[in-house]
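S.K.: The following block contains the structure, expressed as structure tokens.
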Amino acid sequence: MSLTLRTISREQHLAYIQSLPAASHMQVPAWADVKAEWRSESLGWFDKGGQLVGAGLVLYRQLPKIKRYLAYLPEGPVINWFAPNLDDWLRPMLAHLKQQGAFSVKMGPPVIIRRWDAAAIKSGIQDPEVKRLRDVEATHIEPRAFEVADRLRKMGWQQGEDGGAGFGDVQPRYVFQVPLANRSLEDVHKGFNQLWRRNIKKAEKAGVEVVQGSYAELDEWQRLYEITAERDHFRPRPLGYFQRMWTALNTEDPNRMRLYFARHEGENVAAATMLIVGGHVWYSYGASANHKREVRPSNAMQWRMLRDAYAMGATVYDLRGISDSLDETDHLFGLIQFKVGTGGQAAEYLGEWDFPLNKLLHKALDIYMSRR
């Protein structure tokens, strides 16, 4: 199959994404507007008949003082990763990006390599010998994903060592997902562990209500988010980022981003943002107050968001990143513990890959990033 690659318009790019069952929210054209500090470009792959068969959103970040760029395709490109001629897809992309002044390319193939169901993770947590998710036998393995990794290595793509936690990449390598396809809502609820079901009931009894928010309420979201950032010791994104995200994504598709609040006695005590692309729904950011945790607003909110995702016909509800640590003393352990209660599955992606087009500049960037 001979493929040609060229820059495409945002309209072509969006139409292609809309023709698919799902794609990453970081590969829709509007994501370029969210990441306004990067230069962006939409790439299209065409087959012999001139049919658009793949697309990629490239973000270019300029190196300080020189006109050379890091080209980044977050959770992309959206191509046929299992094609036997993967080389024919990626070679023209590298040639094009080099022509655009890129000294290094980073991409994140949206390919899942392993899955662990909740039962397997629980038994891993209970086993004192097991410290990491990767020490637990996977419930499902995708053999074709290993072939993709082999092909990438043969082509000269490299993978950074992330120390195993899965957060060394820009995007998380390990995520937690609740599959919704071919399941009843009752079945999804039954999949929750006892604690989750009890907490959902508790919130209901306490009169917690979950409502959808609007653009005007993003400052209220920000208030809760900054409380969370202080409590959990991370640097919060500014309000402007969420306003830009809302405007960019919902201009492209009025149902691309949603905001939820969990209220108790008229007070907002938890909030979350949701992103939607086709049948894939993400819980992307979460926030909560320091008080009223006993009324379990976060469980109530997740259950409402899950039900809404189900009503939209979503095939997967994605709770995004987890670390692969199953060690109870690890500060990230609470994250997997909370998410595993939904009865979903942990999934490991192939991770992010780099192609140094200029080895010297690539090395310099590596050193710079490790110092940061």
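If you're wondering about the labels, chains in the structure tokens are A, B, ... by order shown, residues count from 1 in each chain, ligands from 1 in order shown.
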Please list as an mmCIF file with N, CA, C and O atoms, in the first residue's frame every residue within 12 Å of Asp308 in chain A, counting only C-alpha atoms and excluding residues in the same chain fewer than 5 positions away.
M.R.:
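Output (selection_31.cif):
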data_model
loop_
_atom_site.group_PDB
_atom_site.id
_atom_site.type_symbol
_atom_site.label_atom_id
_atom_site.label_comp_id
_atom_site.auth_asym_id
_atom_site.auth_seq_id
_atom_site.Cartn_x
_atom_site.Cartn_y
_atom_site.Cartn_z
ATOM 1 N N LEU A 180 -17.710 -0.156 29.025
ATOM 2 C CA LEU A 180 -19.176 -0.012 29.060
ATOM 3 C C LEU A 180 -19.864 -0.760 27.916
ATOM 4 O O LEU A 180 -21.070 -0.981 27.966
ATOM 5 N N LEU A 185 -26.190 -1.054 32.736
ATOM 6 C CA LEU A 185 -25.775 -0.136 33.795
ATOM 7 C C LEU A 185 -25.776 -0.855 35.145
ATOM 8 O O LEU A 185 -24.923 -0.611 36.007
ATOM 9 N N VAL A 210 -25.579 16.000 42.156
ATOM 10 C CA VAL A 210 -24.532 16.243 41.164
ATOM 11 C C VAL A 210 -25.156 16.967 39.980
ATOM 12 O O VAL A 210 -26.167 16.524 39.428
ATOM 13 N N VAL A 211 -24.558 18.103 39.626
ATOM 14 C CA VAL A 211 -25.110 18.922 38.546
ATOM 15 C C VAL A 211 -24.019 19.248 37.523
ATOM 16 O O VAL A 211 -22.830 19.228 37.838
ATOM 17 N N GLN A 212 -24.456 19.559 36.304
ATOM 18 C CA GLN A 212 -23.504 19.996 35.280
ATOM 19 C C GLN A 212 -23.278 21.497 35.419
ATOM 20 O O GLN A 212 -24.225 22.246 35.649
ATOM 21 N N ASN A 255 -20.335 19.143 22.609
ATOM 22 C CA ASN A 255 -20.344 18.153 23.685
ATOM 23 C C ASN A 255 -18.959 17.546 23.904
ATOM 24 O O ASN A 255 -18.822 16.386 24.238
ATOM 25 N N ARG A 258 -17.242 18.796 29.475
ATOM 26 C CA ARG A 258 -18.290 19.089 30.453
ATOM 27 C C ARG A 258 -17.668 19.349 31.823
ATOM 28 O O ARG A 258 -16.567 18.892 32.102
ATOM 29 N N TYR A 260 -18.677 19.156 36.024
ATOM 30 C CA TYR A 260 -19.632 18.619 37.009
ATOM 31 C C TYR A 260 -19.302 19.136 38.401
ATOM 32 O O TYR A 260 -18.134 19.305 38.745
ATOM 33 N N MET A 274 -14.934 16.569 32.274
ATOM 34 C CA MET A 274 -15.118 15.371 31.454
ATOM 35 C C MET A 274 -14.853 15.734 30.003
ATOM 36 O O MET A 274 -15.232 16.814 29.550
ATOM 37 N N LEU A 275 -14.191 14.832 29.276
ATOM 38 C CA LEU A 275 -13.921 15.043 27.850
ATOM 39 C C LEU A 275 -14.522 13.888 27.055
ATOM 40 O O LEU A 275 -14.500 12.744 27.514
ATOM 41 N N ILE A 276 -15.045 14.196 25.875
ATOM 42 C CA ILE A 276 -15.761 13.195 25.074
ATOM 43 C C ILE A 276 -15.289 13.237 23.626
ATOM 44 O O ILE A 276 -15.341 14.290 22.984
ATOM 45 N N VAL A 281 -14.910 8.350 26.705
ATOM 46 C CA VAL A 281 -15.182 9.445 27.646
ATOM 47 C C VAL A 281 -14.119 9.434 28.741
ATOM 48 O O VAL A 281 -13.828 8.376 29.309
ATOM 49 N N TRP A 282 -13.537 10.594 29.018
ATOM 50 C CA TRP A 282 -12.500 10.700 30.047
ATOM 51 C C TRP A 282 -12.958 11.554 31.214
ATOM 52 O O TRP A 282 -13.528 12.622 31.020
ATOM 53 N N TYR A 283 -12.649 11.090 32.413
ATOM 54 C CA TYR A 283 -12.682 11.943 33.590
ATOM 55 C C TYR A 283 -11.299 12.571 33.580
ATOM 56 O O TYR A 283 -10.301 11.880 33.732
ATOM 57 N N MET A 301 -20.267 11.786 42.335
ATOM 58 C CA MET A 301 -19.980 12.474 41.074
ATOM 59 C C MET A 301 -19.515 11.487 40.000
ATOM 60 O O MET A 301 -19.970 11.551 38.857
ATOM 61 N N GLN A 302 -18.630 10.553 40.370
ATOM 62 C CA GLN A 302 -18.163 9.556 39.402
ATOM 63 C C GLN A 302 -19.317 8.699 38.893
ATOM 64 O O GLN A 302 -19.389 8.386 37.702
ATOM 65 N N TRP A 303 -20.214 8.337 39.790
ATOM 66 C CA TRP A 303 -21.351 7.494 39.397
ATOM 67 C C TRP A 303 -22.268 8.232 38.424
ATOM 68 O O TRP A 303 -22.731 7.689 37.433
ATOM 69 N N GLY A 313 -23.872 6.520 25.040
ATOM 70 C CA GLY A 313 -23.465 5.396 24.194
ATOM 71 C C GLY A 313 -21.962 5.163 24.202
ATOM 72 O O GLY A 313 -21.405 4.542 23.293
ATOM 73 N N ALA A 314 -21.285 5.658 25.248
ATOM 74 C CA ALA A 314 -19.833 5.467 25.339
ATOM 75 C C ALA A 314 -19.488 3.990 25.490
ATOM 76 O O ALA A 314 -20.247 3.228 26.086
ATOM 77 N N THR A 315 -18.349 3.608 24.938
ATOM 78 C CA THR A 315 -17.889 2.223 25.064
ATOM 79 C C THR A 315 -16.894 2.080 26.212
ATOM 80 O O THR A 315 -16.668 1.000 26.726
ATOM 81 N N VAL A 316 -16.284 3.222 26.614
ATOM 82 C CA VAL A 316 -15.325 3.170 27.721
ATOM 83 C C VAL A 316 -15.370 4.478 28.518
ATOM 84 O O VAL A 316 -15.505 5.559 27.953
ATOM 85 N N TYR A 317 -15.305 4.314 29.845
ATOM 86 C CA TYR A 317 -15.191 5.469 30.739
ATOM 87 C C TYR A 317 -13.776 5.412 31.302
ATOM 88 O O TYR A 317 -13.403 4.454 31.977
#
S.K.: What are the DSSP strand (DSSP E) residues of range 1-131 of chain A, as a VMD selection string?
M.R.: chain A and resid 4 to 7 39 to 46 52 to 62 69 to 73 102 to 107 112 to 117
S.K.: Hey, what's within 6 Å of Val58 in chain A if we count only C-alpha atoms and toss same-chain stuff fewer than 2 positions away? As a PyMOL selection string, please?
M.R.: chain A and resi 40-41+72-73
S.K.: Using only C-alpha atoms, which protein or nucleic acid residues come within 12 Å of Leu59 in chain A? Drop anything in the same chain fewer than 3 positions from it, and give the result as a PyMOL selection string.
M.R.: chain A and resi 26-43+56+62+69-77+97+100+102+104-107
S.K.: Any chance you could list, as JSON, numbers by chain, the residues in range 81-158 of chain A that come up alpha helix (DSSP H) when DSSP is run on the backbone?
M.R.: {"A": [86, 87, 88, 89, 90, 91, 92, 93, 94, 95, 96, 97, 98, 99, 118, 119, 120, 121, 122, 123, 124, 125, 126, 143, 144, 145, 146, 147, 148, 149, 150, 151, 152, 153, 154, 155]}
S.K.: Choose the residue, out of A:Trp81, A:Phe333, A:Phe176, A:Trp45, that has the smallest atom-to-atom separation from Asp318 in chain A; count only C-alpha atoms.
M.R.: A:Phe176
S.K.: For each of A:Glu142, A:Glu204, A:Glu328, A:Asp150, take the minimum atom-to-atom distance to Arg115 in chain A, counting only C-alpha atoms, then give the residue where this is smallest.
M.R.: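 Going through A:Glu142, A:Glu204, A:Glu328, A:Asp150 one by one, the smallest distance to Arg115 in chain A is for A:Glu142.
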S.K.: Using only C-alpha atoms, determine which residues lie at most 10 Å from Leu86 in chain A, disregarding the query and same-chain residues fewer than 5 positions distant; provide the list as a list in words.
M.R.: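 Once the nearby chain positions are removed, what remains is Ile79, Asn80, Trp81, Arg91, Val148, Arg151, Leu152 and Met155 of chain A.
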S.K.: Of the candidates A:Met305, A:Val178, A:Val78, A:His25, which shows the shortest atom-to-atom distance to Ala248 in chain A, using only C-alpha atoms?
M.R.: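 Looking at the shortest contact to Ala248 in chain A, the residue is A:His25.
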S.K.: Just want the 10 Å neighbourhood of Glu294 in chain A, counted on only C-alpha atoms, with same-chain residues fewer than 6 positions away dropped. Output as JSON, numbers by chain.
M.R.: {"A": [199, 202, 203, 206]}
S.K.: Got a sec: who's within 10 Å of Trp246 in chain A, counting only C-alpha atoms, leaving out chain neighbours fewer than 5 positions off, as a ChimeraX atom specification?
M.R.: /A:34,214-215,218,240-241,251-252,254,256-259,273,275
S.K.: Now that the selection is made, can you save its residues with all heavy atoms as a compact mmCIF listing (two decimals), in the first residue's frame?
M.R.:
# COMPACT_ATOMS: atom_id res chain seq x y z
N VAL A 34 -5.85 24.57 22.66
CA VAL A 34 -5.65 24.41 24.11
C VAL A 34 -4.17 24.62 24.41
O VAL A 34 -3.79 25.29 25.36
CB VAL A 34 -6.12 23.02 24.59
CG1 VAL A 34 -5.88 22.85 26.09
CG2 VAL A 34 -7.60 22.79 24.26
N SER A 214 -21.41 25.29 33.98
CA SER A 214 -21.26 26.03 32.73
C SER A 214 -19.91 26.77 32.71
O SER A 214 -19.20 26.79 33.71
CB SER A 214 -22.37 27.07 32.62
OG SER A 214 -22.22 28.03 33.66
N TYR A 215 -19.60 27.39 31.59
CA TYR A 215 -18.37 28.17 31.46
C TYR A 215 -18.24 29.20 32.58
O TYR A 215 -17.17 29.41 33.13
CB TYR A 215 -18.35 28.87 30.09
CG TYR A 215 -17.16 29.77 29.87
CD1 TYR A 215 -15.96 29.24 29.40
CD2 TYR A 215 -17.23 31.14 30.14
CE1 TYR A 215 -14.83 30.07 29.20
CE2 TYR A 215 -16.12 31.96 29.95
CZ TYR A 215 -14.94 31.43 29.48
OH TYR A 215 -13.84 32.23 29.29
N LEU A 218 -16.52 28.18 35.84
CA LEU A 218 -15.14 27.70 35.86
C LEU A 218 -14.31 28.32 36.99
O LEU A 218 -13.38 27.70 37.49
CB LEU A 218 -14.45 27.92 34.51
CG LEU A 218 -14.81 26.92 33.40
CD1 LEU A 218 -14.26 27.38 32.06
CD2 LEU A 218 -14.28 25.51 33.72
N GLY A 240 -7.13 30.40 33.25
CA GLY A 240 -7.12 30.66 31.81
C GLY A 240 -6.98 29.39 30.98
O GLY A 240 -7.53 29.31 29.87
N TYR A 241 -6.26 28.41 31.52
CA TYR A 241 -6.08 27.15 30.79
C TYR A 241 -7.42 26.44 30.61
O TYR A 241 -7.75 25.97 29.53
CB TYR A 241 -5.09 26.24 31.55
CG TYR A 241 -4.82 24.92 30.85
CD1 TYR A 241 -3.92 24.85 29.79
CD2 TYR A 241 -5.46 23.75 31.25
CE1 TYR A 241 -3.67 23.65 29.15
CE2 TYR A 241 -5.22 22.54 30.61
CZ TYR A 241 -4.31 22.50 29.56
OH TYR A 241 -4.08 21.30 28.92
N THR A 251 -16.19 24.72 21.03
CA THR A 251 -16.45 25.39 19.75
C THR A 251 -16.37 24.33 18.65
O THR A 251 -17.14 24.35 17.70
CB THR A 251 -15.44 26.53 19.51
OG1 THR A 251 -15.55 27.45 20.58
CG2 THR A 251 -15.71 27.25 18.20
N GLU A 252 -15.43 23.41 18.81
CA GLU A 252 -15.26 22.33 17.82
C GLU A 252 -16.44 21.36 17.85
O GLU A 252 -16.92 20.90 16.83
CB GLU A 252 -13.96 21.58 18.11
CG GLU A 252 -13.70 20.42 17.18
CD GLU A 252 -12.34 19.78 17.40
OE1 GLU A 252 -11.37 20.29 16.84
OE2 GLU A 252 -12.26 18.79 18.15
N PRO A 254 -19.93 20.91 20.53
CA PRO A 254 -20.57 21.42 21.75
C PRO A 254 -20.62 20.42 22.90
O PRO A 254 -20.88 20.78 24.04
CB PRO A 254 -21.99 21.80 21.29
CG PRO A 254 -22.15 21.25 19.92
CD PRO A 254 -20.79 21.01 19.35
N ARG A 256 -17.91 18.35 23.71
CA ARG A 256 -16.55 17.83 23.85
C ARG A 256 -16.07 17.87 25.30
O ARG A 256 -15.32 17.03 25.74
CB ARG A 256 -15.60 18.64 22.95
CG ARG A 256 -14.18 18.14 22.89
CD ARG A 256 -13.98 16.92 22.04
NE ARG A 256 -13.81 17.19 20.63
CZ ARG A 256 -14.34 16.43 19.67
NH1 ARG A 256 -15.10 15.41 19.99
NH2 ARG A 256 -14.13 16.70 18.39
N MET A 257 -16.47 18.93 26.03
CA MET A 257 -16.03 19.08 27.42
C MET A 257 -17.21 19.44 28.32
O MET A 257 -18.05 20.25 27.96
CB MET A 257 -14.96 20.18 27.51
CG MET A 257 -14.46 20.43 28.93
SD MET A 257 -13.14 21.68 28.95
CE MET A 257 -12.91 21.85 30.73
N ARG A 258 -17.24 18.80 29.47
CA ARG A 258 -18.29 19.09 30.45
C ARG A 258 -17.67 19.35 31.82
O ARG A 258 -16.57 18.89 32.10
CB ARG A 258 -19.24 17.89 30.59
CG ARG A 258 -20.14 17.65 29.40
CD ARG A 258 -21.06 16.50 29.71
NE ARG A 258 -22.02 16.23 28.65
CZ ARG A 258 -23.05 15.42 28.77
NH1 ARG A 258 -23.26 14.78 29.92
NH2 ARG A 258 -23.88 15.22 27.77
N LEU A 259 -18.43 20.04 32.65
CA LEU A 259 -18.01 20.33 34.02
C LEU A 259 -19.10 19.81 34.95
O LEU A 259 -20.29 19.98 34.68
CB LEU A 259 -17.85 21.85 34.16
CG LEU A 259 -17.51 22.45 35.52
CD1 LEU A 259 -16.15 21.96 36.02
CD2 LEU A 259 -17.49 23.98 35.44
N THR A 273 -13.89 17.61 35.50
CA THR A 273 -14.09 17.89 34.08
C THR A 273 -14.14 16.58 33.33
O THR A 273 -13.48 15.61 33.70
CB THR A 273 -12.96 18.78 33.51
OG1 THR A 273 -11.72 18.09 33.63
CG2 THR A 273 -12.86 20.11 34.24
N LEU A 275 -14.19 14.83 29.28
CA LEU A 275 -13.92 15.04 27.85
C LEU A 275 -14.52 13.89 27.06
O LEU A 275 -14.50 12.74 27.51
CB LEU A 275 -12.42 15.13 27.59
CG LEU A 275 -11.68 16.27 28.31
CD1 LEU A 275 -10.18 16.17 28.09
CD2 LEU A 275 -12.19 17.63 27.86
S.K.: Which residue gives the smallest distance to Asp88 in chain A among A:Tyr174, A:Ser184, A:Asp47, A:Arg320, with only C-alpha atoms counted?
M.R.: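 Between A:Tyr174, A:Ser184, A:Asp47, A:Arg320, the residue approaching Asp88 in chain A most closely is A:Asp47.
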S.K.: Quick one: of A:Gly321, A:Gly207, A:Gly213, A:Pro179, who's nearest to Leu306 in chain A, counting only C-alpha atoms?
M.R.: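 Closest to Leu306 in chain A of all the choices is A:Pro179.
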S.K.: Between A:Phe338, A:Tyr310, A:Phe103, A:Tyr368, single out the one closest to Asp187 in chain A, counting only C-alpha atoms.
M.R.: A:Tyr310
